[in-house]
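Student: Okay, here's the structure, questions in a sec.
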Amino acid sequence: MTDIKGLVGLAFSAAVGMTLVVLACALPAYGGNWTPLIVLVFYILSPIPLLLASRIGDTDVLSGSSNAIKETCLFITTGIVVSAYALPLLLLHIETIQAVPTILVIAGNTWCFLTILIFFIIFNRDDDFDFQMWGS
């Protein structure tokens with residue numbers, strides 16, 4: 001039951017981060033530019049390398065042990081996260097969006113990526129947790 005409560009809490013947390021990103025796009029005082037919504041792609045892509053590393057490798061992704069697959073997947077994930085932070089700053093630099101939407105998108109990025117990190121901390125423990133138990 002605690003896993004379901006954790007999942008509901010993570011869903012609420014992700015909704016807060018997404019609200020910040022949508023708010024940055026929808027504010028009419030700042031042009032209502034929906035270009036920063038592209039960061040949603042980074043939210044989808046960021047956990048994929050870590051999920052692949054935990055599926056292929058025998059070790060936990062967040063553990064202290066190391067192998068080539070884990071290090072490569074962490075490098076790719078880091079590139080995705082850095083790109084998610086760089087995109088709003090780039091849009092600010094080329095004057096596509098203004099400063100307030102940039103700050104809101106960066107706050108939404110931080111909130112959503114912390115939610116993804118907490119997901120891996122909660123659900124990546126070695127306690128024989130299986131997602132198929134929800135299917136029955």
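Every chain in the structure tokens has a letter given in the order shown (A, B, ...), and although residue numbers restart at 1 in each chain, ligands are simply numbered from 1 in the order shown.
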Which of chain A end up as alpha helix (DSSP H) when DSSP is run on this backbone - answer as a ChimeraX atom specification?

Tutor: /A:2-26,39-45,47-56,68-93,99-123

Student: Counting only C-alpha atoms, what is within 12 Å of Leu114 in chain A, bar same-chain residues fewer than 2 positions away, as an MDAnalysis selection string?

Tutor: chainID A and resid 10 13:14 16:17 43 46:47 81 107:112 116:121

Student: Counting only C-alpha atoms, which of A:Leu91, A:Leu27, A:Val8, A:Ala53 gets nearest to Asn67 in chain A?

Tutor: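 Distance minimum relative to Asn67 in chain A lands on A:Ala53.
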
Student: At a cut-off of 9 Å, using only C-alpha atoms, what residues contact Ser83 in chain A? Leave out same-chain residues fewer than 5 positions from it and give the result as a PyMOL selection string.

Tutor: chain A and resi 39+42+78

Student: Set the distance at 12 Å and use only C-alpha atoms: which residues neighbour Leu51 in chain A once local chain neighbours fewer than 4 positions away are removed? I'd like the list as a ChimeraX atom specification.

Tutor: /A:44-47,55-57,59-62,69-70,73-74,76-77,116-117,119-120,123-124

Student: Excluding Ile103 in chain A and any residue of its chain fewer than 2 positions from it, enumerate the residues within 12 Å of it, using only C-alpha atoms, and give them as a list in words.

Tutor: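 What passes the distance filter is Leu20, Val21, Leu23, Ala24, Cys25, Pro36, Tyr85, Ala86, Leu87, Pro88, Leu89, Leu91, Leu92, Ile97, Gln98, Ala99, Val100, Pro101, Val105, Ile106, Ala107, Gly108, Asn109 and Thr110 of chain A.
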
Student: Quick one, how far is CA of Met18 in chain A from CA of Leu40 in chain A?

Tutor: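 Answer for the CA of Met18 in chain A to CA of Leu40 in chain A separation: 8.5 Å.
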
Student: Calculated over only C-alpha atoms, which of the candidates A:Gly31, A:Ile48, A:Ile122, A:Phe75 has the smallest distance to Lys5 in chain A?

Tutor: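 Once distances to Lys5 in chain A are computed over only C-alpha atoms, the minimum belongs to A:Ile122.
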